[in-house]
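Asks: Here it is: the structure, laid out below.
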Amino acid sequence: MSAGFYYGMEVFLNGLMTGVLYSLVALGFVLIFKSSGIFNYAQGVMALFAALTLVGLQDGQVPFAHLINSIFGTQVHHFGWHLPALLAILLTAGVMVILAIVVERYILRHLVNQPDIILFMATIGLAYFMEGFGDLMWGSEIKKLDVGIPQGGNLWIEESTAFLGGDDFYGFYLDSLDIVAAVFAGLLVLSLVLFSQYTKTGRALRAVADDHQAALSVGISLRFIWVVVWSIAGFIALVAGIMWGSKSGVQFSLSLIALKALPVLMLGGFTSIPGAIVGGLIIGVGEKMFEFLIGAPFLGGATENWFAYMLALVFLVFRPQGLFGDKIIERV
Amino acid sequence: MTMAETYQTPDGRTIGGQVMEMKNITLRFGGVKAITDISFDIREGEIRAIIGPNGAGKSSMLNVMNGFYHPQEGEVWFHGKKRGPMKPHQIAKQGIARTFQNIALFSGMSTLDNIMTGRLTHMNTGILKQAMWWGPAEKEETENREVVEKVIDFLEIQTIRKTPVGRLPYGLQKRVELGRALAAEPKLLLLDEPMAGMNVEEKEDMSRFILDVNDEFGTTIALIEHDMGVVMDIADRVVVMDYGKKIGDGSPDEVRNNQDVIDAYLGVAHD
């Protein structure tokens, strides 16, 4: 095989790694959409908020420092301690649960049975509120997130695959961070699947996703389930936030990953968990391969920006319910 | 008859005291009255039917009983206590299970999982323990699974245990839905048109299951039907509704000979 083939394969593998992160963000959307029919525009901002909170807790930042200082004329910025990464992650997970409770208590509860578009607008409001709130709480400068995940090219993989392509090929270049991210995302999905299949709350989650009335009639509290679902979506946002944040720093553009999840959802279907995963992988691999094979040589590059949306559009025309979505049946 | 503490059925069962009592229930949707000043009771161990033509307000009545609707006037008494404003899931926890006219199963889930959801009111371990599949959570799953297996045996649906219910034929779906309600071991079982849309053979099966449930577990059952024939065979007492009002209440024989009921069902000449 020529070196070109192996470079193509390297692009493919890198695409898979990126795809895993897309899947992760899309998964957060699907969970909330399935259980409550809400398209949660705030999912991306939740990732940002989680990452901000994590950095803040880890570095011992004083929350609302700017606000406190300008009101009281003080000069507080740091508590002076530094939390271990694991503890900070657990605390942030706790914050995401509190967020879920607040969202249920102050937003969802008041909007039950409203048209979908109202709920969608509410999540847009929530997204911008959280963006501003995160800014107020932790400041707007770009922060470095380091929870101890190795970064940079993985030498072991590079060296042990170098022999494949002969003299022109130096082995697959894969970022360690991407590998760790893929493994964690995989574990997260696996534990989610196990939880939803083999526990009573998991069963209740699936029940609510299927039929609200019937769920109520067997004694399931919708409010409790919404808190659980938003908490899980919060955990997923946290994992996504850690991975993207470690890669490119915690900055406000992090919330834009929500937009990348949209084509994934169109491809995989809004109601399918396997769909979100497969859709993410297809988009990840697709946009990298397209750039490598067609974009860079023929179209002048930078196709990664639009390829995903293009692919989603094509899918919408031929299979509007997505790969795994519920079939749309119109009865006349 | 309704005033006595207990009464004997013709087939020799003893029916006990009140499980539920509806007192002067009036339900309005905006200006439309769905139910007007209806009172009746349901007694321990009986099969109580609510019948009436389409649009009589039967389903609305059932929805009041399980808390989907809150009547503007009147009181619901359950086991000797007046019921305050409660959510449907809280009422389910009190021991009222139900089925729906247009089957409301969790169609993506298997028969087994659907019936397992009926056990939710009997399961109490916390979410963290479940997440870690900790001892008590596992034990609870196993115990409740046993109850569910009994229900599955009882309803003779062993062969479809793992089938997603969305793929089952209509009659079997109705049976699974009954199973889900039974799994809750309810103090009061509400059935919304259990025989609707069934062929004669399926109707006979369903009637037999309803009688067996009542007989073997002593479950108190309230059921809605608009098909008079089946109901008269299995019910101990019948409430008849028409245009949201109660027009008859008593044993099947009494109701059958009630002139108002005959008029409602067969129509009456207006002169």
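Each chain of the structure tokens is named A, B, ... in the order shown, its residues numbered from 1; ligands are numbered from 1 in display order.
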Produce a table with one row for each residue of chain A that has an atom at most 9 Å from any atom of chain B, each row naming the nearest atom pair and its distance in Å at one decimal; use only C-alpha atoms; arrange rows by chain and rising residue number; format as CSV.

Replies:
```
residue,atom,partner,partner_atom,distance
A:Ser191,CA,B:Ala131,CA,8.8
A:Leu194,CA,B:Ala131,CA,9.0
A:Phe195,CA,B:Ala131,CA,6.2
A:Gln197,CA,B:Asp113,CA,8.9
A:Tyr198,CA,B:Glu141,CA,8.7
A:Thr199,CA,B:Gln130,CA,5.9
A:Lys200,CA,B:Leu120,CA,6.9
A:Thr201,CA,B:Ile127,CA,7.0
A:Arg203,CA,B:Thr117,CA,6.8
A:Ala204,CA,B:Thr117,CA,6.8
A:Arg206,CA,B:Met109,CA,7.7
A:Ala207,CA,B:Phe106,CA,5.6
A:Val208,CA,B:Phe106,CA,8.2
A:Ala209,CA,B:Phe106,CA,8.3
A:Asp210,CA,B:Phe106,CA,5.1
A:Asp211,CA,B:Phe106,CA,6.2
A:Gln213,CA,B:Ala104,CA,7.6
A:Ala214,CA,B:Ala104,CA,5.6
A:Ala215,CA,B:His89,CA,8.1
A:Leu216,CA,B:His89,CA,4.9
A:Ser217,CA,B:Ala92,CA,6.0
A:Val218,CA,B:Gly118,CA,5.5
A:Gly219,CA,B:His89,CA,3.8
A:Ile220,CA,B:His89,CA,5.5
A:Ser221,CA,B:His89,CA,5.7
A:Leu222,CA,B:His89,CA,8.5
```

Asks: Env of Ala56 (chain B): 6 Å cut, atoms = only C-alpha atoms, seq-sep filter 5 positions within chain, self excluded. Answer as a list in words.

Replies: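 The contact residues come out as Met241, Asp242, Tyr243 and Gly244 of chain B.
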
Asks: List every residue of region 192-306 of chain A that DSSP, applied to the backbone of this structure, assigns to helix (DSSP H, G or I), and report them as an MDAnalysis selection string.

Replies: chainID A and resid 192:198 200:210 212:217 222:248 252:268 273:298 304:306

Asks: List as number ranges by chain the protein and nucleic acid residues near Glu202 (chain B), meaning an atom at most 10 Å away when only C-alpha atoms are counted, but skip any in the same chain fewer than 6 places from it.

Replies: B: 170-172, 174-175, 195, 208

Asks: Near region 108-120 of chain A, counting only C-alpha atoms, which residues have an atom at most 10 Å away, once you skip same-chain residues fewer than 3 positions from it, shown as a PyMOL selection string?

Replies: chain A and resi 36-42+101-105+123-126+222-223+226-227

Asks: Keeping only C-alpha atoms, write the selected residues as an mmCIF file, in the first residue's frame.

Replies:
```cif
data_model
loop_
_atom_site.group_PDB
_atom_site.id
_atom_site.type_symbol
_atom_site.label_atom_id
_atom_site.label_comp_id
_atom_site.auth_asym_id
_atom_site.auth_seq_id
_atom_site.Cartn_x
_atom_site.Cartn_y
_atom_site.Cartn_z
ATOM 1 C CA SER A 36 -39.754 16.165 26.884
ATOM 2 C CA GLY A 37 -39.958 17.069 23.201
ATOM 3 C CA ILE A 38 -37.791 20.111 23.841
ATOM 4 C CA PHE A 39 -35.027 21.047 21.458
ATOM 5 C CA ASN A 40 -32.548 22.324 23.996
ATOM 6 C CA TYR A 41 -30.680 25.136 22.318
ATOM 7 C CA ALA A 42 -28.779 25.682 25.574
ATOM 8 C CA ILE A 101 -33.377 21.442 39.353
ATOM 9 C CA VAL A 102 -33.465 25.201 38.751
ATOM 10 C CA VAL A 103 -34.387 24.734 35.079
ATOM 11 C CA GLU A 104 -37.232 22.371 36.005
ATOM 12 C CA ARG A 105 -38.470 24.550 38.862
ATOM 13 C CA THR A 123 -34.160 27.343 25.837
ATOM 14 C CA ILE A 124 -32.736 30.123 23.636
ATOM 15 C CA GLY A 125 -33.429 32.500 26.491
ATOM 16 C CA LEU A 126 -31.821 30.059 28.872
ATOM 17 C CA LEU A 222 -42.616 13.848 35.204
ATOM 18 C CA ARG A 223 -40.860 16.579 37.177
ATOM 19 C CA TRP A 226 -37.045 15.997 33.867
ATOM 20 C CA VAL A 227 -34.580 16.776 36.634
#
```

Asks: Residues near Val238 (chain B), anyone? I mean within 9 Å using only C-alpha atoms, not counting same-chain ones fewer than 3 positions away, as a list in words.

Replies: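 Near Val238 (chain B), the qualifying residues are Ile47, Arg48, Ala49, Ile50, Ile51, Val231, Met232, Ala235, Gly248, Asp249, Gly250, Ser251, Pro252 and Val255 of chain B.
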
Asks: When distances are computed from only C-alpha atoms, which of A:Phe235, A:Phe324, A:Asn69, A:Ala258 shows the smallest separation from Leu90 (chain A)?

Replies: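 Using only C-alpha atoms, Leu90 (chain A) sits closest to A:Phe235.
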
Asks: Please identify all polymer residues within 10 Å of region 131-136 of chain A, counting only C-alpha atoms, omitting same-chain residues fewer than 4 positions from it, and present them as a list of chain:residue names.

Replies: A:Ala42, A:Gly44, A:Val45, A:Met46, A:Leu48, A:Phe49, A:Ala50, A:Ala51, A:Leu52, A:Thr53, A:Pro63, A:Phe64, A:Ala65, A:His66, A:Leu67, A:Gly125, A:Leu126, A:Ala127, A:Ser140, A:Glu141, A:Phe252, A:Ser255

Asks: Take the residues that were just selected and, keeping C-alpha atoms, output them as a compact mmCIF listing (two decimals), in the first residue's frame.

Replies:
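Saved result, out.txt, follows:
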```txt
# COMPACT_ATOMS: atom_id res chain seq x y z
CA ALA A 42 -28.78 25.68 25.57
CA GLY A 44 -23.79 24.02 23.96
CA VAL A 45 -23.84 26.75 26.57
CA MET A 46 -24.25 24.08 29.23
CA LEU A 48 -19.39 26.09 28.28
CA PHE A 49 -20.89 26.72 31.71
CA ALA A 50 -19.67 23.35 32.98
CA ALA A 51 -16.15 24.00 31.71
CA LEU A 52 -16.11 27.50 33.22
CA THR A 53 -17.31 26.18 36.56
CA PRO A 63 -17.40 33.40 41.93
CA PHE A 64 -18.91 36.80 41.05
CA ALA A 65 -15.58 38.36 41.98
CA HIS A 66 -16.05 41.35 39.68
CA LEU A 67 -19.53 42.02 41.00
CA GLY A 125 -33.43 32.50 26.49
CA LEU A 126 -31.82 30.06 28.87
CA ALA A 127 -28.76 29.79 26.63
CA SER A 140 -14.88 36.37 30.35
CA GLU A 141 -11.18 35.84 29.72
CA PHE A 252 -17.18 31.56 24.87
CA SER A 255 -21.08 27.21 23.04
```

Asks: List as a PyMOL selection string the protein and nucleic acid residues near region 13-18 of chain A, meaning an atom at most 10 Å away when only C-alpha atoms are counted, but skip any in the same chain fewer than 2 places from it.

Replies: chain A and resi 7-11+20-23+172-175+177-183+280-289
